[in-house]
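Asker: Okay, here's the structure, questions in a sec.
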Amino acid sequence: MIYRSILSFAGSARLSRRSLLMQGAGIAAGGLVGQWWPRAADAAVRIDITQGNVQPMPIALPDFVAGTPNEGEAAHNVTAVITNNLQRSGLFAPINPAAFIEKINNTDKVPRFPDWRTINAQALVTGRLTKQGDGRLKAEFRLWDVFAGQQLDGKQYFTTPDNWRRIAHIISDAIYERLTGEKGYFDSRIVFVDETGPKQQRVKRLAIMDQDGAGVRYLTRGDDLVLTPRFNPSTQEVTYMSYGQGDPRVYLLNIETGQREIVGNFPGMTFAPRFSPDGQRVIMSLQQGGNANLFVMDLRSKQTTRLTDTPAIDTAPCYSPDGRYICFESDRGGTQQIYVMAATGGPAQRISFGEGHHSTPVWSPRGDYIAFTGQANGQFSIGILKPDGSGERILTQGFHNEGPTFAPNGRVLMYFSDPGPGPNLYTIDITGRNKLQEPTPSFASDPAWSPLLS
């Protein structure tokens, strides 16, 4: 369990005295239950991430203070994870600790702001980690506006010692949101296909990890070929495609228990499964003869509805965040392009008209963009366009880029690229900036980003 509450200084922070208790706001993984209070009034320090070229904000992150020497390593590790999260976002520039003038030993004291202004810190994070008498870990942090000399945010959390990494991600999200005005994405996970062995005999296993590459856990043994895993937005399940003893089938897998079941027993091959936003349905492509059409299955009643009926290949469907529409790829016009139609079926409208082919569309959680894989002139690209087809932009190009997936806040995309020896995962901002390789234990492909865990 993680409990959270406010920290403030009278006179230094303009924090409301009202509080709102959130009950049952947890999930099975980590068993989170939270408590929060309204944040401080808007301050001068803020990153405007609506601009295409953002100057990273200098931020100081001294090591969390350890309650006792026994917590020293854990306190350092929490600070390191927060620093890494903020730096990898491309929006923050953590200052080298060697430049720090003030040494933070007591987080209950107001910092010496002139010392932090001298090293050009615009924001400062102080924190403390203490083990409680009942064995729980208490983590607390304060976020400061250095130039205004006031506290922007402050919370404390209680959890089990083995949950320290999630605490670091939750604190990172709180800092990100307070300084950008948008939700963070650090307390989330990635499911992907782990690939090992020679190129002609690859062993492909489903794996899951934190968004920063830590905590890798394997969900399948590698006996069968697995592809296109996708998260259920509301439960601890993934859906994926597997080649077993015959035609490929779509499966549901419970992440925590390992229990697996087939989604329907269709004749022919099923592809590209994805959950509806409420997690109650799975939409997929079913091949029949030389063409493929879209079908949706209600997971409670097991009733299946056919959505398209064309002599073409319709595949890679994805719901809009409100569940009212579906985007998908189809060659009904002669080449692979992206179409949008009502979630109940009916006429489909083509929205991609840029150069070459467009495939693997995925709707942003914010609903403002659809990401896609492009292919033209021997190059693969990752791009975005608006749901009405306007504003198409290529974010990155390479020999083989494919399979975009959005972070929970719609700000960052992950995809995989395979220039030769094997595929790796990468992230890039929707502005086309801050391209980074995601750390994985071996080759990796087909990533899917989870919703926020907390």
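Every chain in the structure tokens takes a letter, A first, then B, and so on in the order presented; its residues are numbered from 1, and the ligands are numbered from 1 following the presented order.
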Any idea what's packed within 10 Å of range 302-315 of chain A, counting only C-alpha atoms, ignoring anything in its chain fewer than 5 positions away? Could you give it as a PDB file with C-alpha atoms, in the first residue's frame?
Answerer:
ATOM      1  CA  VAL A 263     -10.001 -15.015 -27.573  1.00  0.00           C
ATOM      2  CA  GLY A 264     -12.535 -16.998 -29.616  1.00  0.00           C
ATOM      3  CA  THR A 270      -6.445 -13.731 -36.294  1.00  0.00           C
ATOM      4  CA  PHE A 271      -4.149 -10.698 -36.069  1.00  0.00           C
ATOM      5  CA  ALA A 272      -3.496  -7.353 -34.396  1.00  0.00           C
ATOM      6  CA  PRO A 273      -5.638  -7.569 -31.236  1.00  0.00           C
ATOM      7  CA  ARG A 281     -13.947  -5.803 -25.802  1.00  0.00           C
ATOM      8  CA  VAL A 282     -11.123  -6.921 -28.056  1.00  0.00           C
ATOM      9  CA  ILE A 283     -10.980  -5.782 -31.667  1.00  0.00           C
ATOM     10  CA  MET A 284      -8.914  -7.783 -34.163  1.00  0.00           C
ATOM     11  CA  SER A 285      -8.417  -8.723 -37.793  1.00  0.00           C
ATOM     12  CA  LEU A 286      -9.566 -12.119 -39.093  1.00  0.00           C
ATOM     13  CA  GLN A 287      -8.206 -13.500 -42.352  1.00  0.00           C
ATOM     14  CA  GLN A 288     -10.663 -15.324 -44.589  1.00  0.00           C
ATOM     15  CA  GLY A 289      -9.237 -16.388 -47.933  1.00  0.00           C
ATOM     16  CA  GLY A 290      -7.278 -13.574 -49.561  1.00  0.00           C
ATOM     17  CA  ASN A 291      -8.763 -10.761 -47.517  1.00  0.00           C
ATOM     18  CA  ALA A 292      -9.020  -9.779 -43.855  1.00  0.00           C
ATOM     19  CA  ASN A 293     -11.770  -7.934 -42.021  1.00  0.00           C
ATOM     20  CA  LEU A 294     -12.252  -6.396 -38.592  1.00  0.00           C
ATOM     21  CA  PHE A 295     -14.165  -8.132 -35.829  1.00  0.00           C
ATOM     22  CA  VAL A 296     -14.897  -7.145 -32.245  1.00  0.00           C
ATOM     23  CA  MET A 297     -15.595  -9.573 -29.396  1.00  0.00           C
ATOM     24  CA  CYS A 327      -8.617   3.866 -36.931  1.00  0.00           C
ATOM     25  CA  PHE A 328      -7.157   1.002 -38.973  1.00  0.00           C
ATOM     26  CA  GLU A 329      -5.014   0.276 -41.993  1.00  0.00           C
ATOM     27  CA  SER A 330      -6.421  -1.025 -45.279  1.00  0.00           C
ATOM     28  CA  ASP A 331      -5.283  -1.571 -48.847  1.00  0.00           C
ATOM     29  CA  ARG A 332      -8.808  -1.090 -50.198  1.00  0.00           C
ATOM     30  CA  GLY A 333      -7.557   1.919 -52.196  1.00  0.00           C
ATOM     31  CA  GLY A 334      -4.609   0.035 -53.700  1.00  0.00           C
ATOM     32  CA  GLN A 336      -1.759   0.549 -47.276  1.00  0.00           C
ATOM     33  CA  GLN A 337      -3.389   3.659 -45.847  1.00  0.00           C
ATOM     34  CA  ILE A 338      -5.119   4.745 -42.648  1.00  0.00           C
ATOM     35  CA  TYR A 339      -8.891   4.944 -42.363  1.00  0.00           C
ATOM     36  CA  MET A 341     -14.800   4.796 -39.037  1.00  0.00           C
ATOM     37  CA  ALA A 342     -17.397   4.583 -36.266  1.00  0.00           C
ATOM     38  CA  ALA A 343     -16.675   1.926 -33.635  1.00  0.00           C
ATOM     39  CA  THR A 344     -19.911   0.179 -34.626  1.00  0.00           C
ATOM     40  CA  GLY A 345     -18.840  -0.118 -38.281  1.00  0.00           C
ATOM     41  CA  GLY A 346     -20.166   1.619 -41.382  1.00  0.00           C
ATOM     42  CA  PRO A 347     -18.505   3.881 -43.946  1.00  0.00           C
ATOM     43  CA  ALA A 348     -14.757   4.469 -43.493  1.00  0.00           C
ATOM     44  CA  SER A 359       0.304   1.447 -41.399  1.00  0.00           C
ATOM     45  CA  THR A 360       0.085   0.408 -37.683  1.00  0.00           C
ATOM     46  CA  PRO A 361      -2.040   3.406 -36.607  1.00  0.00           C
TER      47      PRO A 361
END
Asker: Need to verify the contact set: range 363-372 of chain A, 6 Å, only C-alpha atoms, exclusion of same-chain residues closer than 6 positions in sequence. Can you return it as JSON, numbers by chain?
Answerer: {"A": [320, 321, 382, 383, 384, 385, 386, 410]}
Asker: Keeping only N, CA and C atoms, write the selected residues to a file as an mmCIF file, in the first residue's frame.
Answerer:
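The result, stored in out23.cif:
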data_model
loop_
_atom_site.group_PDB
_atom_site.id
_atom_site.type_symbol
_atom_site.label_atom_id
_atom_site.label_comp_id
_atom_site.auth_asym_id
_atom_site.auth_seq_id
_atom_site.Cartn_x
_atom_site.Cartn_y
_atom_site.Cartn_z
ATOM 1 N N SER A 320 -10.404 5.103 -30.594
ATOM 2 C CA SER A 320 -10.168 6.443 -30.058
ATOM 3 C C SER A 320 -10.345 6.380 -28.544
ATOM 4 N N PRO A 321 -9.776 7.332 -27.782
ATOM 5 C CA PRO A 321 -9.851 7.258 -26.312
ATOM 6 C C PRO A 321 -11.272 7.225 -25.776
ATOM 7 N N ILE A 382 8.389 7.024 -38.513
ATOM 8 C CA ILE A 382 7.341 7.140 -37.509
ATOM 9 C C ILE A 382 6.799 8.561 -37.605
ATOM 10 N N GLY A 383 5.491 8.678 -37.747
ATOM 11 C CA GLY A 383 4.893 9.999 -37.896
ATOM 12 C C GLY A 383 3.593 10.112 -37.132
ATOM 13 N N ILE A 384 3.021 11.304 -37.146
ATOM 14 C CA ILE A 384 1.724 11.554 -36.530
ATOM 15 C C ILE A 384 0.889 12.408 -37.471
ATOM 16 N N LEU A 385 -0.415 12.299 -37.356
ATOM 17 C CA LEU A 385 -1.347 13.166 -38.051
ATOM 18 C C LEU A 385 -2.590 13.307 -37.196
ATOM 19 N N LYS A 386 -3.384 14.317 -37.458
ATOM 20 C CA LYS A 386 -4.606 14.521 -36.692
ATOM 21 C C LYS A 386 -5.693 13.574 -37.189
ATOM 22 N N GLY A 410 0.370 11.003 -23.786
ATOM 23 C CA GLY A 410 0.330 11.375 -25.195
ATOM 24 C C GLY A 410 1.469 12.265 -25.639
#
Asker: Hey, what's within 6 Å of Leu413 in chain A if we count only C-alpha atoms and toss same-chain stuff fewer than 2 positions away? As a JSON list (two decimals) with N, CA and C atoms, in the first residue's frame, please?
Answerer:
[["chain", "number", "residue", "atom", "x", "y", "z"],
["A", 405, "THR", "N", 3.82, 3.41, -30.13],
["A", 405, "THR", "CA", 2.89, 3.32, -29.00],
["A", 405, "THR", "C", 3.06, 4.58, -28.16],
["A", 406, "PHE", "N", 1.96, 5.15, -27.68],
["A", 406, "PHE", "CA", 2.00, 6.40, -26.94],
["A", 406, "PHE", "C", 2.20, 6.19, -25.44],
["A", 427, "THR", "N", 12.48, 5.94, -27.88],
["A", 427, "THR", "CA", 11.43, 6.91, -27.57],
["A", 427, "THR", "C", 11.75, 8.21, -28.28],
["A", 428, "ILE", "N", 10.69, 8.96, -28.57],
["A", 428, "ILE", "CA", 10.84, 10.27, -29.19],
["A", 428, "ILE", "C", 9.65, 11.13, -28.81]]
Asker: If you run DSSP over the backbone, which residues in range 293-415 of chain A end up strand (DSSP E or B)? Put them as an mmCIF file with N, CA and C atoms, in the first residue's frame.
Answerer:
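Output file out.cif is given in full below:
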data_model
loop_
_atom_site.group_PDB
_atom_site.id
_atom_site.type_symbol
_atom_site.label_atom_id
_atom_site.label_comp_id
_atom_site.auth_asym_id
_atom_site.auth_seq_id
_atom_site.Cartn_x
_atom_site.Cartn_y
_atom_site.Cartn_z
ATOM 1 N N ASN A 293 -10.812 -8.927 -42.497
ATOM 2 C CA ASN A 293 -11.770 -7.934 -42.021
ATOM 3 C C ASN A 293 -11.668 -7.771 -40.514
ATOM 4 N N LEU A 294 -12.311 -6.721 -40.016
ATOM 5 C CA LEU A 294 -12.252 -6.396 -38.592
ATOM 6 C C LEU A 294 -13.438 -6.995 -37.856
ATOM 7 N N PHE A 295 -13.144 -7.558 -36.692
ATOM 8 C CA PHE A 295 -14.165 -8.132 -35.829
ATOM 9 C C PHE A 295 -13.935 -7.627 -34.405
ATOM 10 N N VAL A 296 -15.013 -7.522 -33.642
ATOM 11 C CA VAL A 296 -14.897 -7.145 -32.245
ATOM 12 C C VAL A 296 -15.617 -8.191 -31.402
ATOM 13 N N MET A 297 -14.999 -8.586 -30.293
ATOM 14 C CA MET A 297 -15.595 -9.573 -29.396
ATOM 15 C C MET A 297 -15.846 -8.952 -28.034
ATOM 16 N N ASP A 298 -17.066 -9.134 -27.530
ATOM 17 C CA ASP A 298 -17.400 -8.761 -26.161
ATOM 18 C C ASP A 298 -16.839 -9.845 -25.242
ATOM 19 N N THR A 304 -19.462 -12.017 -31.014
ATOM 20 C CA THR A 304 -18.572 -11.398 -32.001
ATOM 21 C C THR A 304 -19.378 -10.618 -33.028
ATOM 22 N N THR A 305 -18.901 -9.431 -33.364
ATOM 23 C CA THR A 305 -19.553 -8.584 -34.361
ATOM 24 C C THR A 305 -18.558 -8.262 -35.470
ATOM 25 N N ARG A 306 -18.996 -8.424 -36.699
ATOM 26 C CA ARG A 306 -18.153 -8.090 -37.842
ATOM 27 C C ARG A 306 -18.313 -6.604 -38.153
ATOM 28 N N ILE A 313 -7.553 -6.071 -47.360
ATOM 29 C CA ILE A 313 -6.951 -6.439 -46.082
ATOM 30 C C ILE A 313 -7.123 -5.268 -45.115
ATOM 31 N N ASP A 314 -8.030 -5.417 -44.171
ATOM 32 C CA ASP A 314 -8.255 -4.437 -43.115
ATOM 33 C C ASP A 314 -7.631 -4.996 -41.840
ATOM 34 N N THR A 315 -6.735 -4.252 -41.228
ATOM 35 C CA THR A 315 -6.051 -4.775 -40.039
ATOM 36 C C THR A 315 -5.558 -3.623 -39.161
ATOM 37 N N ALA A 316 -4.890 -3.972 -38.050
ATOM 38 C CA ALA A 316 -4.303 -3.012 -37.097
ATOM 39 C C ALA A 316 -5.315 -1.993 -36.587
ATOM 40 N N PRO A 317 -6.479 -2.436 -36.094
ATOM 41 C CA PRO A 317 -7.464 -1.479 -35.589
ATOM 42 C C PRO A 317 -7.078 -0.915 -34.229
ATOM 43 N N CYS A 318 -7.516 0.308 -33.951
ATOM 44 C CA CYS A 318 -7.253 0.956 -32.662
ATOM 45 C C CYS A 318 -8.394 1.910 -32.348
ATOM 46 N N TYR A 319 -8.926 1.844 -31.138
ATOM 47 C CA TYR A 319 -10.019 2.720 -30.715
ATOM 48 C C TYR A 319 -9.521 4.128 -30.397
ATOM 49 N N TYR A 325 -14.746 5.843 -32.074
ATOM 50 C CA TYR A 325 -14.219 5.648 -33.425
ATOM 51 C C TYR A 325 -13.099 4.601 -33.422
ATOM 52 N N ILE A 326 -12.776 4.148 -34.615
ATOM 53 C CA ILE A 326 -11.680 3.209 -34.820
ATOM 54 C C ILE A 326 -10.828 3.706 -35.971
ATOM 55 N N CYS A 327 -9.520 3.683 -35.801
ATOM 56 C CA CYS A 327 -8.617 3.866 -36.931
ATOM 57 C C CYS A 327 -8.032 2.503 -37.277
ATOM 58 N N PHE A 328 -7.722 2.283 -38.542
ATOM 59 C CA PHE A 328 -7.157 1.002 -38.973
ATOM 60 C C PHE A 328 -6.448 1.207 -40.289
ATOM 61 N N GLU A 329 -5.676 0.200 -40.695
ATOM 62 C CA GLU A 329 -5.014 0.276 -41.993
ATOM 63 C C GLU A 329 -5.727 -0.649 -42.978
ATOM 64 N N SER A 330 -5.750 -0.241 -44.246
ATOM 65 C CA SER A 330 -6.421 -1.025 -45.279
ATOM 66 C C SER A 330 -5.782 -0.741 -46.625
ATOM 67 N N GLN A 337 -3.110 2.323 -46.327
ATOM 68 C CA GLN A 337 -3.389 3.659 -45.847
ATOM 69 C C GLN A 337 -4.240 3.572 -44.581
ATOM 70 N N ILE A 338 -4.387 4.701 -43.904
ATOM 71 C CA ILE A 338 -5.119 4.745 -42.648
ATOM 72 C C ILE A 338 -6.535 5.255 -42.884
ATOM 73 N N TYR A 339 -7.477 4.590 -42.264
ATOM 74 C CA TYR A 339 -8.891 4.944 -42.363
ATOM 75 C C TYR A 339 -9.472 5.104 -40.965
ATOM 76 N N VAL A 340 -10.554 5.869 -40.880
ATOM 77 C CA VAL A 340 -11.279 6.063 -39.618
ATOM 78 C C VAL A 340 -12.749 5.767 -39.875
ATOM 79 N N MET A 341 -13.367 5.056 -38.939
ATOM 80 C CA MET A 341 -14.800 4.796 -39.037
ATOM 81 C C MET A 341 -15.388 4.730 -37.632
ATOM 82 N N ALA A 342 -16.724 4.714 -37.552
ATOM 83 C CA ALA A 342 -17.397 4.583 -36.266
ATOM 84 C C ALA A 342 -17.059 3.230 -35.652
ATOM 85 N N ALA A 348 -16.087 4.098 -43.993
ATOM 86 C CA ALA A 348 -14.757 4.469 -43.493
ATOM 87 C C ALA A 348 -14.183 5.577 -44.347
ATOM 88 N N GLN A 349 -13.492 6.506 -43.705
ATOM 89 C CA GLN A 349 -12.904 7.652 -44.398
ATOM 90 C C GLN A 349 -11.386 7.550 -44.358
ATOM 91 N N ARG A 350 -10.764 7.645 -45.518
ATOM 92 C CA ARG A 350 -9.307 7.644 -45.574
ATOM 93 C C ARG A 350 -8.779 8.974 -45.054
ATOM 94 N N HIS A 357 3.295 4.450 -48.124
ATOM 95 C CA HIS A 357 2.329 3.658 -47.365
ATOM 96 C C HIS A 357 2.227 4.162 -45.928
ATOM 97 N N HIS A 358 1.060 3.931 -45.302
ATOM 98 C CA HIS A 358 0.842 4.268 -43.897
ATOM 99 C C HIS A 358 0.238 3.050 -43.217
ATOM 100 N N SER A 359 0.788 2.655 -42.072
ATOM 101 C CA SER A 359 0.304 1.447 -41.399
ATOM 102 C C SER A 359 0.440 1.582 -39.886
ATOM 103 N N THR A 360 0.042 0.531 -39.152
ATOM 104 C CA THR A 360 0.085 0.408 -37.683
ATOM 105 C C THR A 360 -0.392 1.676 -36.956
ATOM 106 N N PRO A 361 -1.585 2.183 -37.278
ATOM 107 C CA PRO A 361 -2.040 3.406 -36.607
ATOM 108 C C PRO A 361 -2.389 3.161 -35.147
ATOM 109 N N VAL A 362 -2.118 4.150 -34.303
ATOM 110 C CA VAL A 362 -2.486 4.071 -32.888
ATOM 111 C C VAL A 362 -2.908 5.461 -32.418
ATOM 112 N N TRP A 363 -4.036 5.515 -31.736
ATOM 113 C CA TRP A 363 -4.614 6.784 -31.302
ATOM 114 C C TRP A 363 -3.955 7.252 -30.017
ATOM 115 N N ILE A 370 -2.965 10.643 -34.257
ATOM 116 C CA ILE A 370 -2.829 9.232 -34.562
ATOM 117 C C ILE A 370 -1.392 9.032 -35.054
ATOM 118 N N ALA A 371 -0.664 8.135 -34.413
ATOM 119 C CA ALA A 371 0.703 7.831 -34.849
ATOM 120 C C ALA A 371 0.663 6.689 -35.852
ATOM 121 N N PHE A 372 1.684 6.602 -36.703
ATOM 122 C CA PHE A 372 1.689 5.583 -37.745
ATOM 123 C C PHE A 372 3.121 5.225 -38.134
ATOM 124 N N THR A 373 3.244 4.099 -38.838
ATOM 125 C CA THR A 373 4.480 3.725 -39.510
ATOM 126 C C THR A 373 4.354 4.110 -40.973
ATOM 127 N N GLY A 374 5.307 4.854 -41.501
ATOM 128 C CA GLY A 374 5.302 5.237 -42.907
ATOM 129 C C GLY A 374 6.388 4.492 -43.672
ATOM 130 N N GLN A 375 6.150 4.276 -44.938
ATOM 131 C CA GLN A 375 7.156 3.634 -45.783
ATOM 132 C C GLN A 375 7.149 4.293 -47.154
ATOM 133 N N ALA A 376 8.286 4.881 -47.541
ATOM 134 C CA ALA A 376 8.404 5.550 -48.834
ATOM 135 C C ALA A 376 9.872 5.627 -49.216
ATOM 136 N N GLN A 379 12.597 3.964 -47.163
ATOM 137 C CA GLN A 379 12.774 4.407 -45.784
ATOM 138 C C GLN A 379 11.517 4.119 -44.965
ATOM 139 N N PHE A 380 11.724 3.735 -43.709
ATOM 140 C CA PHE A 380 10.627 3.582 -42.762
ATOM 141 C C PHE A 380 10.623 4.791 -41.831
ATOM 142 N N SER A 381 9.462 5.235 -41.458
ATOM 143 C CA SER A 381 9.378 6.419 -40.611
ATOM 144 C C SER A 381 8.283 6.247 -39.570
ATOM 145 N N ILE A 382 8.389 7.024 -38.513
ATOM 146 C CA ILE A 382 7.341 7.140 -37.509
ATOM 147 C C ILE A 382 6.799 8.561 -37.605
ATOM 148 N N GLY A 383 5.491 8.678 -37.747
ATOM 149 C CA GLY A 383 4.893 9.999 -37.896
ATOM 150 C C GLY A 383 3.593 10.112 -37.132
ATOM 151 N N ILE A 384 3.021 11.304 -37.146
ATOM 152 C CA ILE A 384 1.724 11.554 -36.530
ATOM 153 C C ILE A 384 0.889 12.408 -37.471
ATOM 154 N N LEU A 385 -0.415 12.299 -37.356
ATOM 155 C CA LEU A 385 -1.347 13.166 -38.051
ATOM 156 C C LEU A 385 -2.590 13.307 -37.196
ATOM 157 N N ARG A 393 3.033 14.805 -39.907
ATOM 158 C CA ARG A 393 4.436 15.130 -39.686
ATOM 159 C C ARG A 393 5.236 13.857 -39.477
ATOM 160 N N ILE A 394 6.406 13.784 -40.063
ATOM 161 C CA ILE A 394 7.331 12.681 -39.826
ATOM 162 C C ILE A 394 8.238 13.060 -38.664
ATOM 163 N N LEU A 395 8.316 12.193 -37.645
ATOM 164 C CA LEU A 395 9.128 12.475 -36.466
ATOM 165 C C LEU A 395 10.534 11.921 -36.574
ATOM 166 N N THR A 396 10.669 10.754 -37.188
ATOM 167 C CA THR A 396 11.979 10.134 -37.325
ATOM 168 C C THR A 396 11.958 9.143 -38.471
ATOM 169 N N GLN A 397 13.087 9.003 -39.157
ATOM 170 C CA GLN A 397 13.211 8.073 -40.270
ATOM 171 C C GLN A 397 14.379 7.126 -40.022
ATOM 172 N N GLY A 398 14.297 5.925 -40.584
ATOM 173 C CA GLY A 398 15.364 4.953 -40.437
ATOM 174 C C GLY A 398 15.165 3.808 -41.398
ATOM 175 N N ASN A 401 11.866 1.401 -39.043
ATOM 176 C CA ASN A 401 11.175 1.881 -37.850
ATOM 177 C C ASN A 401 9.734 1.401 -37.914
ATOM 178 N N GLU A 402 9.189 0.955 -36.785
ATOM 179 C CA GLU A 402 7.848 0.381 -36.840
ATOM 180 C C GLU A 402 7.215 0.351 -35.451
ATOM 181 N N GLY A 403 5.877 0.213 -35.432
ATOM 182 C CA GLY A 403 5.147 -0.106 -34.206
ATOM 183 C C GLY A 403 5.097 0.973 -33.159
ATOM 184 N N PRO A 404 4.605 2.199 -33.452
ATOM 185 C CA PRO A 404 4.564 3.241 -32.424
ATOM 186 C C PRO A 404 3.540 2.940 -31.329
ATOM 187 N N THR A 405 3.825 3.405 -30.131
ATOM 188 C CA THR A 405 2.892 3.324 -29.002
ATOM 189 C C THR A 405 3.064 4.580 -28.161
ATOM 190 N N PHE A 406 1.958 5.146 -27.680
ATOM 191 C CA PHE A 406 1.996 6.403 -26.938
ATOM 192 C C PHE A 406 2.195 6.191 -25.445
ATOM 193 N N VAL A 412 4.916 11.389 -25.519
ATOM 194 C CA VAL A 412 6.087 10.649 -25.986
ATOM 195 C C VAL A 412 5.625 9.394 -26.723
ATOM 196 N N LEU A 413 6.370 9.019 -27.754
ATOM 197 C CA LEU A 413 6.128 7.785 -28.482
ATOM 198 C C LEU A 413 7.283 6.821 -28.270
ATOM 199 N N MET A 414 6.969 5.533 -28.185
ATOM 200 C CA MET A 414 7.975 4.490 -28.238
ATOM 201 C C MET A 414 7.736 3.670 -29.497
ATOM 202 N N TYR A 415 8.807 3.156 -30.092
ATOM 203 C CA TYR A 415 8.711 2.339 -31.294
ATOM 204 C C TYR A 415 9.935 1.436 -31.334
#
Asker: Could you give me the residues within range 145-364 of chain A that DSSP places in alpha helix (DSSP H), as a list in words?
Answerer: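 Those residues are Trp164, Arg165, Arg166, Ile167, Ala168, His169, Ile170, Ile171, Ser172, Asp173, Ala174, Ile175, Tyr176, Glu177, Arg178, Leu179 and Thr180 of chain A.
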Asker: Could you give me, as a Markdown table, a per-residue list for range 338-442 of chain A showing, wherever an atom lies at most 12 Å from an atom of range 91-97 of chain A, the closest pair of atoms and their distance in Å to one decimal, using only C-alpha atoms and sorting by chain then residue number from low to high?
Answerer:
| residue | atom | partner | partner_atom | distance |
| --- | --- | --- | --- | --- |
| A:Arg411 | CA | A:Leu91 | CA | 11.3 |
| A:Val412 | CA | A:Leu91 | CA | 11.7 |
| A:Asp429 | CA | A:Leu91 | CA | 10.2 |
| A:Arg433 | CA | A:Leu91 | CA | 10.4 |
| A:Asn434 | CA | A:Leu91 | CA | 9.2 |
Asker: Can I get the selected residues back with N, CA and C atoms, as an mmCIF file, in the first residue's frame?
Answerer:
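So the final result, stored in part-v2.cif, reads:
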data_model
loop_
_atom_site.group_PDB
_atom_site.id
_atom_site.type_symbol
_atom_site.label_atom_id
_atom_site.label_comp_id
_atom_site.auth_asym_id
_atom_site.auth_seq_id
_atom_site.Cartn_x
_atom_site.Cartn_y
_atom_site.Cartn_z
ATOM 1 N N ARG A 411 2.464 12.447 -24.776
ATOM 2 C CA ARG A 411 3.562 13.376 -25.061
ATOM 3 C C ARG A 411 4.750 12.699 -25.749
ATOM 4 N N VAL A 412 4.916 11.389 -25.519
ATOM 5 C CA VAL A 412 6.087 10.649 -25.986
ATOM 6 C C VAL A 412 5.625 9.394 -26.723
ATOM 7 N N ASP A 429 9.902 12.416 -28.601
ATOM 8 C CA ASP A 429 8.846 13.366 -28.284
ATOM 9 C C ASP A 429 7.966 13.597 -29.511
ATOM 10 N N ARG A 433 11.708 15.668 -31.138
ATOM 11 C CA ARG A 433 12.937 15.887 -30.382
ATOM 12 C C ARG A 433 13.216 14.709 -29.438
ATOM 13 N N ASN A 434 14.423 14.702 -28.898
ATOM 14 C CA ASN A 434 14.788 13.851 -27.778
ATOM 15 C C ASN A 434 14.633 12.359 -28.097
#
Asker: Which of these, A:Pro441, A:Gly389, A:Pro423, A:Pro161, has the shortest distance to Arg217 in chain A once you count only C-alpha atoms?
Answerer: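 Checking each of A:Pro441, A:Gly389, A:Pro423, A:Pro161 against Arg217 in chain A, counting only C-alpha atoms, the winner is A:Pro441.
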Asker: Mind checking which residues fall within 10 Å of Thr239 in chain A, counting only C-alpha atoms, ignoring those fewer than 6 positions away in the same chain, and posting them as a list in words?
Answerer: Leu227, Thr228, Pro229, Arg230, Phe231, Asn232, Val250, Tyr251, Leu252, Leu253, Asn254, Arg260, Glu261, Ile262, Val263, Ala272, Pro273, Arg274, Phe275 and Val282 of chain A
Asker: Could you please take those selected residues and save C-alpha atoms as a PDB file, in the first residue's frame?
Answerer:
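Once written, out37.pdb looks like this:
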ATOM      1  CA  LEU A 227       3.657 -10.714 -31.606  1.00  0.00           C
ATOM      2  CA  THR A 228       1.773  -7.439 -31.024  1.00  0.00           C
ATOM      3  CA  PRO A 229       1.131  -7.428 -27.248  1.00  0.00           C
ATOM      4  CA  ARG A 230      -1.317  -4.761 -26.034  1.00  0.00           C
ATOM      5  CA  PHE A 231      -2.432  -3.652 -22.557  1.00  0.00           C
ATOM      6  CA  ASN A 232      -5.937  -3.788 -21.178  1.00  0.00           C
ATOM      7  CA  VAL A 250      -5.234 -14.108 -30.249  1.00  0.00           C
ATOM      8  CA  TYR A 251      -4.746 -14.686 -26.514  1.00  0.00           C
ATOM      9  CA  LEU A 252      -5.521 -12.965 -23.232  1.00  0.00           C
ATOM     10  CA  LEU A 253      -2.862 -13.207 -20.525  1.00  0.00           C
ATOM     11  CA  ASN A 254      -3.208 -12.178 -16.892  1.00  0.00           C
ATOM     12  CA  ARG A 260      -3.897 -17.567 -20.532  1.00  0.00           C
ATOM     13  CA  GLU A 261      -6.989 -18.058 -22.689  1.00  0.00           C
ATOM     14  CA  ILE A 262      -7.821 -17.898 -26.401  1.00  0.00           C
ATOM     15  CA  VAL A 263     -10.001 -15.015 -27.573  1.00  0.00           C
ATOM     16  CA  ALA A 272      -3.496  -7.353 -34.396  1.00  0.00           C
ATOM     17  CA  PRO A 273      -5.638  -7.569 -31.236  1.00  0.00           C
ATOM     18  CA  ARG A 274      -6.323  -4.473 -29.164  1.00  0.00           C
ATOM     19  CA  PHE A 275      -8.596  -3.672 -26.219  1.00  0.00           C
ATOM     20  CA  VAL A 282     -11.123  -6.921 -28.056  1.00  0.00           C
TER      21      VAL A 282
END
Asker: Return the single residue from A:Phe266, A:Phe158, A:Tyr426, A:Phe147 that is closest to Asp134 in chain A, with distances computed using only C-alpha atoms.
Answerer: A:Phe158
Asker: How far is it from CA of Gly354 in chain A to CA of Gly378 in chain A, in Å with one decimal?
Answerer: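 Going from CA of Gly354 in chain A over to CA of Gly378 in chain A covers 15.0 Å.
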Asker: Rounded to one decimal place, report the CA of Glu102 in chain A-CA of Gln87 in chain A distance in Å.
Answerer: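 Distance reported for this atom pair: 22.0 Å.
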Asker: If you count only C-alpha atoms, which residues fall within 12 Å of range 72-78 of chain A, apart from same-chain ones fewer than 2 positions away, as a ChimeraX atom specification?
Answerer: /A:61-70,80-85,126-131,137-141,161-172
Asker: Residues at most 12 Å from Arg205 in chain A, counting only C-alpha atoms, excluding those fewer than 6 positions away in the same chain, as a VMD selection string?
Answerer: chain A and resid 191 to 197 216 to 229 240 to 243 442 to 446
Asker: Have a look at CA of Ser454 in chain A and CA of Asp210 in chain A and let me know their distance in Å, one decimal.
Answerer: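 Taking CA of Ser454 in chain A and CA of Asp210 in chain A, their separation equals 13.3 Å.
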